[in-house]
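Notes to accompany the following structure.
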Amino acid sequence: SITTTIGFERLLTNIHLTHIIMSKDLPHLDNFKTIFLEVNESTSMVSFHGRIVLHVLSEIMGDLCGNFVYNSITQRFIKSNHTLALTHIGRSSMPKNNAQFLYGNR
């Protein structure tokens, strides 16, 4: 669902903060941006087709455009009563994450 974007943003923030803490004790650790770009498969300067971008575009086209309507008065997307998406996008189910891996155990 498109509503998991905030959770994804928080996960990236937690990973970045973990990297900052680890880099204090491991001075030879690559910087976060380099690691992130390599994992995202967007290591070139002109690459606009990373894994995150492709997933976001897929969600926008499959979920947002097909199931939400933009209300210009409130300037937000509202879930439609009618589903406009004609085809179901087949995906594997989201892996179950242990809470301690998401936010730590302290």
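Just so we're on the same page: first chain in the structure tokens is A, next is B, and so on; residues restart at 1 for each chain, and ligands are numbered from 1 in the order they show up.
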
For stretch 27-42 of chain A, work out the shell of residues within 10 Å, counting only C-alpha atoms and skipping chain neighbours fewer than 5 positions away, then give it as a ChimeraX atom specification. /A:12,15-20,22,47-53

Long-range neighbours of stretch 75-81 of chain A as a list of chain:residue names, 10 Å cut-off, only C-alpha atoms, 4 positions minimum in chain: A:Leu64, A:Cys65, A:Gly66, A:Asn67, A:Phe68, A:Val69, A:Tyr70, A:Asn71

Would you list, as a PyMOL selection string, the residues of stretch 12-64 of chain A that end up in alpha helix (DSSP H) under DSSP run on this structure's backbone? chain A and resi 12-25+32-39+51-59

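The spacing separating atom CA of A:Ser23 from atom CA of A:Phe8 amounts to 22.4 Å.
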